[in-house]
Every structure is written in C-alpha cells, then in structure tokens.
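Reviewing the structure listed below.
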Amino acid sequence: RIRLDSEDSTPREQIERFSEYLRGNQNLAPRRAGSLEYETAALYVQLEEQANAKEALERALAWDPENPSARYLSGVIRFAENRLNAAVSDFEACLDSRPSDQPCAAGRVQVLLDQDRVEGARELVEQLERTEKNKQHVDLLDAWVAWAEERDDSRLLEMLSNLEAVPEAAMLRGLVHAHSGNDAEAELEFLSAVERMQATSDPLVRRLLGRVYANLALLGSGDAYDEYAGEALEFGPIDPVVRVLVGRRLDSAGFREHAAEQLDQAVNLGPETALVHYARGSFYLDYGDKHERTLTSWHRYRQLKPTGPRAKRVESRLQALQ
C-alpha cells in the first residue's frame, strides 16, 4: 500500500513514508525491514545525499547482511569513493548469496578492471551462466574484459553488434572507434552513451558518465571539447580515471605541467586504482623523469597485483629501467 501510494510522490515524500512505517512497525521480519531501509538508501542516492544513503545502507545490512540489492548499492558507493577493496567485499558477498546477480557481477568486473586484474575478470565472466534472459548482460561483460585484454578492434565491434540499446556498450564502441582513429564514429557513440546513461537510475552506469565526457574531450579542441572536459570533472570530480583522461588532454595540448598535476591528483584520489599508477608511470617515462616518478608509480602498480597486457609491459620495462 505504501509503495502504491508513493508512485506519484517525490523521493523525499517516499523516504518519509518508509521511515514512518519503520518507526511504527518495530517487529518487522529482518528481511522486510532490511528491504525498506535499502529502498530508503536508494532514494537518498537519487537525491545525491550520500551520507544519508550510507546510514540507511548500514541499517539495511544490519537487518539483512545478505540483501543483494543493499550489497550492490554499498559496493557502488564504495567504488565511487575509490575504496576498491571495500567494494570488492560487497560485490563478492552479493555474489556468494546470489551467484547469478547481474548488477553485482557487473560491479565486480568493473572493480577488477580498475584494479587491472584482467585475468580475474575473465575468470568471473567465464563462470557466469549464459541464459536467454541474461545473455546481453554477459556479452557486455565479456566485451569489457576483451577490451582490457587488448583484443582486435574489429573483433570487439563484432562482440558489441547485438548490444545497440545498452549504454555501456555505446561507450565501449566509442573507445574502440577512438583507438582505431575513427573520431567521428567515436563521438557519435560517446554522445549516445551520455544520453542513455543520463536516463538510467543505475548508479554504477551513471558513475561512468564522467569517463564518457572525458573521452569525448580527447577527440578534439575548441569550446565544445572544453565543455566536455568540464562536464567530465562535474560528473566525476573524484574519479581518478577521469583525472588521468583530463591529464592526457592537457598533455596533448602542450600543458605538461598541468597534465602532471592531474596525474598526481589521480593517484592521490585512487591509491587502490591500478590503472592510474600505470598511467602516471607511462606519462613520466615520456616526460623524461623515469628514474624517480616512473619507478615509484610502476612499483605501486605492481603491488596491486595486476594481470594482463599492461602488467606484462610494466615488468618488461622495469627490467630495462633498472
């Protein structure tokens, strides 16, 4: 009844109704109370009130530690805060109680890829059962891992050909086209991804918006691309990957000192994000500071136990530098 009465209500009104119901029904079954607290947390996320969302999630998980939706949302929030190891715990707990949970599998893969643990991401995807219902979801995760494995661009586009309506697939197609030098196609795909991501309520998907805008900004110069860079920082102010991409844009425009500032900030924001340590090391290698900052960055990268093509390159280059 409360849910039906809330259909045309604002998130704030719905929160008040859930809270009033919880106050007046203190003998609810733990799973029911946990479910309502989770829904309250999700509404706070819509309102961008992270502190209130986290408090509601703590109550939800105190009632029902195995609630997969609460675990997913907690993992996304921790991921957005760059607490990747804590996010891993949430996504793994979710998958332990519900191995086929699609959102939690997506969250786990995204964290693994930011950690550059490509082999772990591949292993997880291979364990997911493909059914008629979840085939597109698994195909998308398969394509993300293939991108991290540096598969052939044409093969990646083929893998994504049946995922036209998926916003993350549009982003990935944009990355592939940009890598191939097809900037016009890349821009169309990124703009499509922005439109679709802004229309979704999934917090994990919306977290990628800053990265899409940052990749758009890399495609050109001028006012429009400056605006994309501004949007990237607005949607991902503490996303270390966004900072890396903004740094790349500044570097390509000749502002190397400002680019260095962005990359230094990226590793401060995301010490658990292997990708940013790799990027910072690569930047300073080209910048001619290889014996200090490159070595420091790549040693920190190695400590995060990455796998895949970047990890192999770092091992080879470190041997040459040392």
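Note on naming: chains are A, B, ... as they come in the structure tokens, residues start from 1 per chain, ligands start from 1 in the order shown.
Residues lying within 7 Å of range 199-210 of chain A, counting only C-alpha atoms and ignoring same-chain neighbours fewer than 2 positions away, are Val76, Val194, Glu195, Arg196, Met197, Val212, Tyr213, Ala214, Glu231, Ala232, Leu233, Phe235, Gly236 and Val242 of chain A.
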Those same residues, written as a CSV table (one decimal), in the first residue's frame with N, CA and C atoms?
```csv
chain,number,residue,atom,x,y,z
A,76,VAL,N,28.7,0.0,-4.9
A,76,VAL,CA,28.8,1.1,-5.9
A,76,VAL,C,29.3,2.3,-5.2
A,194,VAL,N,26.1,9.0,-23.4
A,194,VAL,CA,25.8,10.1,-22.5
A,194,VAL,C,24.3,10.2,-22.3
A,195,GLU,N,23.6,10.2,-23.5
A,195,GLU,CA,22.1,10.3,-23.5
A,195,GLU,C,21.5,9.2,-22.7
A,196,ARG,N,22.0,8.0,-23.0
A,196,ARG,CA,21.4,6.8,-22.4
A,196,ARG,C,21.7,6.7,-20.9
A,197,MET,N,22.9,7.0,-20.5
A,197,MET,CA,23.4,7.0,-19.1
A,197,MET,C,22.6,8.0,-18.3
A,212,VAL,N,32.9,9.0,-19.8
A,212,VAL,CA,32.5,9.2,-21.2
A,212,VAL,C,32.8,10.6,-21.7
A,213,TYR,N,32.4,11.6,-20.8
A,213,TYR,CA,32.7,13.0,-21.2
A,213,TYR,C,34.2,13.3,-21.3
A,214,ALA,N,35.0,12.7,-20.5
A,214,ALA,CA,36.5,12.8,-20.6
A,214,ALA,C,37.0,12.3,-21.9
A,231,GLU,N,32.4,19.0,-18.1
A,231,GLU,CA,31.4,18.0,-17.7
A,231,GLU,C,32.0,16.8,-17.1
A,232,ALA,N,33.1,16.3,-17.6
A,232,ALA,CA,33.8,15.2,-17.0
A,232,ALA,C,34.1,15.4,-15.6
A,233,LEU,N,34.7,16.6,-15.3
A,233,LEU,CA,35.0,16.9,-13.9
A,233,LEU,C,33.8,17.1,-13.0
A,235,PHE,N,30.9,15.5,-13.4
A,235,PHE,CA,30.3,14.2,-13.1
A,235,PHE,C,31.2,13.2,-12.4
A,236,GLY,N,32.5,13.4,-12.5
A,236,GLY,CA,33.5,12.6,-11.9
A,236,GLY,C,34.6,13.3,-11.2
A,242,VAL,N,39.0,9.7,-14.5
A,242,VAL,CA,38.7,11.0,-15.2
A,242,VAL,C,39.9,11.9,-15.1
```
Find the residues around Ala274 in chain A up to 6 Å (only C-alpha atoms counted), leave out those fewer than 5 positions away in its own chain, and share them as a ChimeraX atom specification. /A:115-116,301
Find the residues around range 144-161 of chain A up to 7 Å (only C-alpha atoms counted), leave out those fewer than 2 positions away in its own chain, and share them as a ChimeraX atom specification. /A:118,121-122,140-142,163-164,169,173,176,308-309
Output C-alpha atoms for every residue in the selection just made, as a PDB file, in the first residue's frame.
```
ATOM      1  CA  VAL A 118      42.250  -8.765 -16.116  1.00  0.00           C
ATOM      2  CA  ALA A 121      37.733 -10.512 -14.565  1.00  0.00           C
ATOM      3  CA  ARG A 122      37.985 -13.098 -17.337  1.00  0.00           C
ATOM      4  CA  LEU A 140      28.693  -6.912 -22.389  1.00  0.00           C
ATOM      5  CA  LEU A 141      30.956  -8.025 -19.545  1.00  0.00           C
ATOM      6  CA  ASP A 142      32.773 -10.324 -21.964  1.00  0.00           C
ATOM      7  CA  LEU A 163      24.042  -4.582 -27.844  1.00  0.00           C
ATOM      8  CA  GLU A 164      22.714  -1.474 -29.570  1.00  0.00           C
ATOM      9  CA  ALA A 169      28.108  -0.828 -24.983  1.00  0.00           C
ATOM     10  CA  ARG A 173      32.162   1.133 -29.054  1.00  0.00           C
ATOM     11  CA  VAL A 176      37.147   1.094 -29.863  1.00  0.00           C
ATOM     12  CA  GLY A 308      47.045  -8.722 -18.406  1.00  0.00           C
ATOM     13  CA  PRO A 309      48.852  -6.816 -21.172  1.00  0.00           C
TER      14      PRO A 309
END
```
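The spacing separating CA of Phe190 in chain A from CA of Val166 in chain A amounts to 12.1 Å.
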According to DSSP computed on the backbone, where in range 97-140 of chain A is there helix (DSSP H, G or I)? Give the residues as JSON, numbers by chain. {"A": [97, 102, 103, 104, 105, 106, 107, 108, 109, 110, 111, 112, 113, 114, 118, 119, 120, 121, 122, 123, 124, 125, 126, 127, 135, 136, 137, 138, 139, 140]}
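Distances here use only C-alpha atoms; by that measure, the residue among A:Gln198, A:Asn134, A:Gln319, A:Asn82 closest to Pro103 in chain A is A:Asn134.
Distances to Ser282 in chain A were evaluated for A:Ala41, A:Glu13, A:Lys305, A:Arg317 using only C-alpha atoms, and the minimum falls at A:Arg317.
Reported to one decimal place, the separation of CA of Leu219 in chain A from CA of Thr294 in chain A is 26.4 Å.
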Could you give me, as a Markdown table, every range 184-227 of chain A residue with an atom at most 9 Å from range 244-248 of chain A, plus its closest atom pair and distance in Å to one decimal, counting only C-alpha atoms, rows ordered by chain then number?
```
| residue | atom | partner | partner_atom | distance |
| --- | --- | --- | --- | --- |
| A:Arg211 | CA | A:Leu245 | CA | 7.8 |
| A:Ala214 | CA | A:Leu245 | CA | 5.9 |
| A:Asn215 | CA | A:Leu245 | CA | 6.8 |
| A:Ala217 | CA | A:Val246 | CA | 7.9 |
| A:Leu218 | CA | A:Leu245 | CA | 7.6 |
```
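Nearest residue to Ala170 in chain A, choosing from A:Ile2, A:Leu47, A:Ala80, A:Ala186 and counting only C-alpha atoms: A:Ala186.
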Between CA of Thr40 in chain A and CA of Ala60 in chain A, what distance in Å does the model show, to one decimal? 9.1 Å
Non-local contacts of Tyr72 in chain A (9 Å; only C-alpha atoms; under 5 positions in same chain excluded) as number ranges by chain: A: 67, 77, 87, 90-91, 94, 103-104, 107
Residue nearest Leu112 in chain A among A:Leu175, A:Ala320, A:Ala51, A:Leu275 (counting only C-alpha atoms): A:Leu275
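Across A:Arg243, A:Pro167, A:Ser221, A:Leu113, the tightest approach to Pro306 in chain A is made by A:Leu113 when counting only C-alpha atoms.
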Leu304 in chain A: which residues within 12 Å, counting only C-alpha atoms, same-chain residues fewer than 5 positions away excluded, as a PyMOL selection string? chain A and resi 84-85+112-117+270-278+297-299+311
